[in-house]
>>> print(open('coords-v8.csv').read())   # CSV, C-alpha atoms
chain,number,residue,atom,x,y,z
K,1,MET,CA,0.0,0.0,0.0
K,2,GLY,CA,2.0,3.0,-1.2
K,3,ASP,CA,5.4,3.7,0.1
K,4,SER,CA,6.3,1.0,2.7
K,5,GLY,CA,8.9,3.2,4.3
K,6,VAL,CA,11.7,0.8,3.5
K,7,GLY,CA,13.7,3.4,1.7
K,8,ASP,CA,13.4,6.5,3.9
K,9,GLY,CA,12.1,5.0,7.1
K,10,SER,CA,8.8,6.9,7.0
K,11,VAL,CA,5.5,5.3,7.8
K,12,GLU,CA,3.5,8.6,7.9
K,13,THR,CA,2.6,8.2,4.2
K,14,ASP,CA,2.1,4.5,4.3
K,15,PRO,CA,-1.6,3.7,4.4
K,16,ALA,CA,-0.8,0.1,5.4
K,17,ALA,CA,1.0,1.1,8.6
K,18,PRO,CA,-0.9,0.3,11.8
K,19,GLN,CA,-2.9,3.3,13.1
K,20,PRO,CA,-1.4,4.7,16.4
K,21,LYS,CA,-3.6,3.5,19.3
K,22,GLY,CA,-1.4,2.6,22.3
K,23,PRO,CA,1.9,3.1,24.1
K,24,ARG,CA,4.8,4.6,22.4
K,25,ARG,CA,8.4,3.3,22.3
K,26,ARG,CA,11.7,4.5,21.1
K,27,CYS,CA,13.6,2.7,18.3
K,28,ILE,CA,17.1,2.0,19.6
K,29,ALA,CA,18.6,2.3,16.1
K,30,SER,CA,16.9,5.4,14.7
K,31,GLY,CA,16.0,7.1,18.0
K,32,ARG,CA,12.5,7.9,16.7
K,33,VAL,CA,9.6,7.4,19.1
K,34,ASP,CA,6.5,5.7,17.6
K,35,ASP,CA,3.5,3.7,18.4
K,36,LYS,CA,4.7,0.3,19.5
K,37,THR,CA,2.5,-1.4,16.9
K,38,ARG,CA,4.8,0.2,14.3
K,39,LEU,CA,7.9,-1.3,15.9
K,40,LEU,CA,9.2,-4.8,16.6
K,41,ARG,CA,10.1,-6.0,20.0
K,42,PHE,CA,13.2,-7.9,20.9
K,43,ALA,CA,14.2,-9.4,24.2
K,44,VAL,CA,17.2,-10.9,25.9
K,45,GLY,CA,16.9,-14.7,26.2
K,46,PRO,CA,18.1,-16.7,29.3
K,47,ASP,CA,21.4,-17.3,27.6
K,48,GLY,CA,22.0,-13.6,26.9
K,49,GLN,CA,21.1,-13.9,23.2
K,50,ILE,CA,18.9,-11.4,21.5
K,51,VAL,CA,15.7,-12.9,20.2
K,52,PRO,CA,12.7,-11.4,18.3
K,53,ASP,CA,9.5,-11.1,20.2
K,54,PRO,CA,6.7,-9.9,17.8
K,55,GLY,CA,4.1,-11.4,20.2
K,56,GLU,CA,5.5,-9.1,23.0
K,57,ASP,CA,5.1,-11.9,25.5
K,58,LEU,CA,8.7,-12.7,26.5
K,59,PRO,CA,9.8,-11.5,30.0
K,60,GLY,CA,12.3,-8.8,30.6
K,61,ARG,CA,13.1,-5.4,29.2
K,62,GLY,CA,11.8,-4.8,25.7
K,63,LEU,CA,14.2,-3.6,23.0
K,64,TRP,CA,12.3,-1.9,20.1
K,65,LEU,CA,13.3,-1.4,16.5
K,66,ARG,CA,11.6,-0.3,13.4
K,67,PRO,CA,10.8,-3.5,11.4
K,68,ARG,CA,13.5,-3.3,8.8
K,69,PRO,CA,16.7,-5.3,8.3
K,70,ASP,CA,18.9,-2.2,8.2
K,71,MET,CA,17.7,-1.2,11.6
K,72,ILE,CA,18.7,-4.6,12.9
K,73,ASP,CA,22.1,-4.4,11.2
K,74,LYS,CA,22.7,-0.9,12.6
K,75,ALA,CA,21.8,-2.0,16.2
K,76,ARG,CA,24.1,-5.1,15.8
K,77,ARG,CA,27.1,-3.2,14.4
K,78,LYS,CA,26.9,-0.3,16.9
K,79,ARG,CA,26.2,-2.6,19.9
K,80,LEU,CA,22.9,-0.8,20.5
K,81,PHE,CA,21.2,-3.9,21.8
K,82,ALA,CA,23.7,-4.2,24.7
K,83,ARG,CA,23.5,-0.5,25.4
K,84,ALA,CA,19.7,-0.6,25.6
K,85,ALA,CA,19.6,-3.8,27.6
K,86,ARG,CA,22.4,-2.5,29.9
K,87,ALA,CA,24.0,-5.9,29.8
K,88,GLN,CA,26.3,-8.0,27.7
K,89,VAL,CA,24.3,-9.7,25.0
K,90,THR,CA,24.9,-11.9,22.0
K,91,VAL,CA,23.4,-10.8,18.7
K,92,PRO,CA,23.0,-13.7,16.1
K,93,ASP,CA,24.4,-12.8,12.7
K,94,ASP,CA,21.2,-14.2,11.2
K,95,LEU,CA,18.8,-12.2,13.4
K,96,ALA,CA,17.0,-10.6,10.4
K,97,ASP,CA,16.5,-14.0,8.9
K,98,GLN,CA,15.1,-15.2,12.2
K,99,VAL,CA,12.6,-12.3,12.1
K,100,ALA,CA,11.6,-13.1,8.5
K,101,ARG,CA,11.0,-16.8,9.3
K,102,LEU,CA,9.1,-16.0,12.5
K,103,LEU,CA,6.8,-13.3,11.0
K,104,ARG,CA,6.0,-15.5,7.9
K,105,ARG,CA,5.1,-18.4,10.2
K,106,ARG,CA,3.0,-16.1,12.4
K,107,CYS,CA,1.0,-15.0,9.3
K,108,LEU,CA,0.3,-18.5,8.2
K,109,ASP,CA,-0.5,-19.7,11.7
K,110,ARG,CA,-2.9,-16.7,12.0
K,111,ILE,CA,-4.8,-17.9,8.9
K,112,GLY,CA,-5.1,-21.4,10.5
K,113,LEU,CA,-6.4,-19.9,13.7
K,114,ALA,CA,-8.9,-17.9,11.8
K,115,ARG,CA,-10.1,-21.0,10.0
K,116,ALA,CA,-10.5,-22.8,13.3
K,117,ALA,CA,-12.6,-19.9,14.5
K,118,GLY,CA,-14.8,-19.9,11.4
K,119,ASP,CA,-13.3,-16.5,10.3
K,120,ALA,CA,-11.6,-17.7,7.1
K,121,VAL,CA,-13.2,-18.7,3.8
K,122,ALA,CA,-11.4,-20.4,0.9
K,123,GLY,CA,-12.3,-20.9,-2.7
K,124,PHE,CA,-13.2,-18.7,-5.6
K,125,GLU,CA,-17.0,-18.5,-5.1
K,126,LYS,CA,-16.9,-18.4,-1.3
K,127,VAL,CA,-14.4,-15.6,-1.3
K,128,ARG,CA,-16.4,-13.6,-3.9
K,129,THR,CA,-19.5,-14.0,-1.8
K,130,LEU,CA,-17.8,-12.7,1.3
K,131,LEU,CA,-16.4,-9.8,-0.6
K,132,LYS,CA,-19.8,-8.9,-2.1
K,133,ARG,CA,-21.2,-8.7,1.5
K,134,ASP,CA,-18.4,-6.4,2.5
K,135,ALA,CA,-17.6,-8.7,5.3
K,136,ALA,CA,-13.9,-9.3,4.5
K,137,GLY,CA,-11.1,-7.7,6.5
K,138,VAL,CA,-8.3,-8.9,4.2
K,139,LEU,CA,-8.0,-10.8,1.0
K,140,LEU,CA,-5.2,-13.3,0.3
K,141,GLN,CA,-4.2,-14.5,-3.1
K,142,ALA,CA,-1.5,-17.0,-3.9
K,143,ARG,CA,1.4,-15.6,-5.9
K,144,ASP,CA,0.9,-18.5,-8.4
K,145,THR,CA,-2.7,-17.5,-9.1
K,146,ALA,CA,-3.5,-17.0,-12.8
K,147,PRO,CA,-3.9,-13.3,-13.6
K,148,ASP,CA,-7.5,-13.6,-14.9
K,149,GLY,CA,-8.6,-15.4,-11.8
K,150,ARG,CA,-6.8,-12.9,-9.6
K,151,ASP,CA,-8.5,-9.9,-11.3
K,152,LYS,CA,-12.0,-11.5,-11.3
K,153,VAL,CA,-11.8,-11.7,-7.5
K,154,ARG,CA,-10.2,-8.3,-7.0
K,155,ARG,CA,-12.8,-6.7,-9.3
K,156,VAL,CA,-15.5,-7.7,-6.7
K,157,ALA,CA,-13.5,-6.1,-3.9
K,158,VAL,CA,-12.9,-2.9,-5.9
K,159,ALA,CA,-16.6,-2.6,-6.6
K,160,VAL,CA,-17.5,-2.9,-2.9
K,161,ARG,CA,-14.5,-1.7,-0.9
K,162,PRO,CA,-11.6,-0.4,-3.0
K,163,GLU,CA,-9.3,0.0,0.0
K,164,LEU,CA,-9.6,-3.6,1.1
K,165,PRO,CA,-6.1,-4.9,2.1
K,166,VAL,CA,-4.8,-7.6,-0.2
K,167,ILE,CA,-1.8,-9.9,0.7
K,168,ASP,CA,0.0,-11.4,-2.2
K,169,GLY,CA,3.1,-13.3,-1.4
K,170,PHE,CA,2.4,-16.8,-0.2
K,171,ASP,CA,2.1,-19.7,-2.7
K,172,SER,CA,-1.0,-21.8,-3.1
K,173,ALA,CA,0.5,-24.8,-1.2
K,174,GLU,CA,1.3,-22.6,1.9
K,175,LEU,CA,-2.2,-21.1,1.9
K,176,GLY,CA,-3.7,-24.6,1.4
K,177,ARG,CA,-1.9,-26.0,4.3
K,178,ALA,CA,-3.1,-23.2,6.5
K,179,VAL,CA,-6.7,-24.1,5.8
K,180,GLY,CA,-6.4,-27.8,5.6
K,181,ARG,CA,-6.3,-28.1,1.8
K,182,GLU,CA,-3.7,-29.2,-0.7
K,183,HIS,CA,-3.8,-25.9,-2.5
K,184,SER,CA,-5.7,-22.6,-2.1
K,185,MET,CA,-5.6,-19.7,-4.6
K,186,HIS,CA,-8.0,-17.3,-2.9
K,187,LEU,CA,-8.7,-16.8,0.8
K,188,ALA,CA,-10.4,-14.1,2.9
K,189,LEU,CA,-10.6,-13.4,6.6
K,190,ARG,CA,-13.7,-11.9,8.0
K,191,ARG,CA,-13.4,-8.4,9.6
K,192,GLY,CA,-12.2,-8.6,13.2
K,193,GLY,CA,-9.3,-9.6,15.4
K,194,HIS,CA,-7.8,-12.3,13.2
K,195,ALA,CA,-7.7,-10.1,10.1
K,196,ASP,CA,-6.2,-7.2,12.1
K,197,ARG,CA,-3.5,-9.3,13.7
K,198,LEU,CA,-2.6,-10.9,10.3
K,199,LEU,CA,-2.3,-7.4,8.7
K,200,LEU,CA,0.0,-6.3,11.5
K,201,ASP,CA,2.4,-9.2,11.1
K,202,ALA,CA,2.2,-8.9,7.3
K,203,TRP,CA,3.0,-5.2,7.4
K,204,ARG,CA,6.0,-5.9,9.6
K,205,TYR,CA,7.1,-8.8,7.4
K,206,GLN,CA,7.2,-6.8,4.1
K,207,ALA,CA,10.8,-5.5,4.5
K,208,PHE,CA,12.1,-8.9,5.5
K,209,ALA,CA,10.4,-11.0,2.8
K,210,PRO,CA,13.1,-12.9,0.8
K,211,ALA,CA,10.6,-13.5,-2.1
K,212,PRO,CA,8.1,-11.1,-3.8
K,213,PHE,CA,5.6,-10.1,-1.2
K,214,ALA,CA,3.0,-7.3,-1.4
K,215,LEU,CA,0.5,-5.8,1.0
K,216,ASP,CA,-1.6,-3.5,-1.1
K,217,ARG,CA,-5.1,-2.1,-1.7
K,218,ALA,CA,-7.5,-4.1,-3.9
K,219,ASP,CA,-7.7,-1.2,-6.4
K,220,ALA,CA,-3.9,-0.8,-6.6
K,221,ALA,CA,-3.3,-4.1,-8.3
K,222,VAL,CA,-6.3,-4.7,-10.6
K,223,ALA,CA,-5.4,-4.8,-14.2
K,224,ASP,CA,-6.4,-2.0,-16.5
K,225,GLY,CA,-10.0,-2.2,-17.5
K,226,ALA,CA,-11.0,-4.5,-14.7
K,227,ARG,CA,-12.9,-1.9,-12.6
K,228,ALA,CA,-16.2,-2.1,-14.3
K,229,GLY,CA,-17.7,-4.0,-11.4
K,230,PRO,CA,-18.3,-7.6,-10.4
K,231,ASP,CA,-19.3,-10.2,-12.9
>>> encode(input="coords-v8.csv", output="structure tokens")
Amino acid sequence: MGDSGVGDGSVETDPAAPQPKGPRRRCIASGRVDDKTRLLRFAVGPDGQIVPDPGEDLPGRGLWLRPRPDMIDKARRKRLFARAARAQVTVPDDLADQVARLLRRRCLDRIGLARAAGDAVAGFEKVRTLLKRDAAGVLLQARDTAPDGRDKVRRVAVAVRPELPVIDGFDSAELGRAVGREHSMHLALRRGGHADRLLLDAWRYQAFAPAPFALDRADAAVADGARAGPD
């Protein structure tokens, strides 16, 4: 959704950024204070090693960074983790990769939790029906979806809610496993907590994704001429 802030560090112009709604924390690398939903928490493990804590449930002093690999690299090179923790710590060389794996797993696990709660629907027709009712909080499409199928679904979203968030970056096998299928090209989560938490982790994950990954508006990725309305 627009400028992700990866280049200049700004989230003010990124419509996908979580809206400020709670406590604020200071990024130990940039020095900027922001709503903690726009940051990523790290903690010191029992062995003195820095570990990512996106769920914010590990004990001890929280160390906060903007969710970008360059912020992690800066904090590691300048020993900012140790300074903020006021202790000797070990920072793994692959900490950014750990963050990427953890956030990707959290996204897929969240889809599974939504399915178990009855808040996820899969399949072309079921997803289109949910979109037409304006009941979806987020649309997910596999990156190996055929362009015509992709646009047919997004066209429905654009007609009803152009700003609907769309996640495009998991393959159909990953999405399928998340909902108990072999493959799934189209998924949608109903409005509510599961969709909101998925969007938060997906927003944080963007800068770390090793493969093409997009969190965008429905109307930003529909092919030219596909906005006439739903079939």
>>> atom_distance(input="coords-v8.csv", atom1="CA of Arg41 (chain K)", atom2="CA of Asp109 (chain K)")
19.2 Å
>>> residues_around(input="coords-v8.csv", residues="region 74-86 of chain K", least_positions_apart="4", cutoff="12 Å", atoms="all atoms listed in the file", output="PyMOL selection string")
chain K and resi 26-31+41-45+48-52+60-66+68-70+90-96
>>> axis_aligned_box(input="coords-v8.csv", around="region 178-193 of chain K", padding_each_side="5 Å", output="JSON")
{"center_x": -8.4, "center_y": -18.8, "center_z": 5.4, "size_x": 20.6, "size_y": 30.8, "size_z": 30.0}
>>> residues_around(input="coords-v8.csv", residues="region 195-207 of chain K", least_positions_apart="5", cutoff="7 Å", atoms="all atoms listed in the file", output="PyMOL selection string")
chain K and resi 6+16-18+67-68+100+103-104+107+110+137-138+189-190+213-215
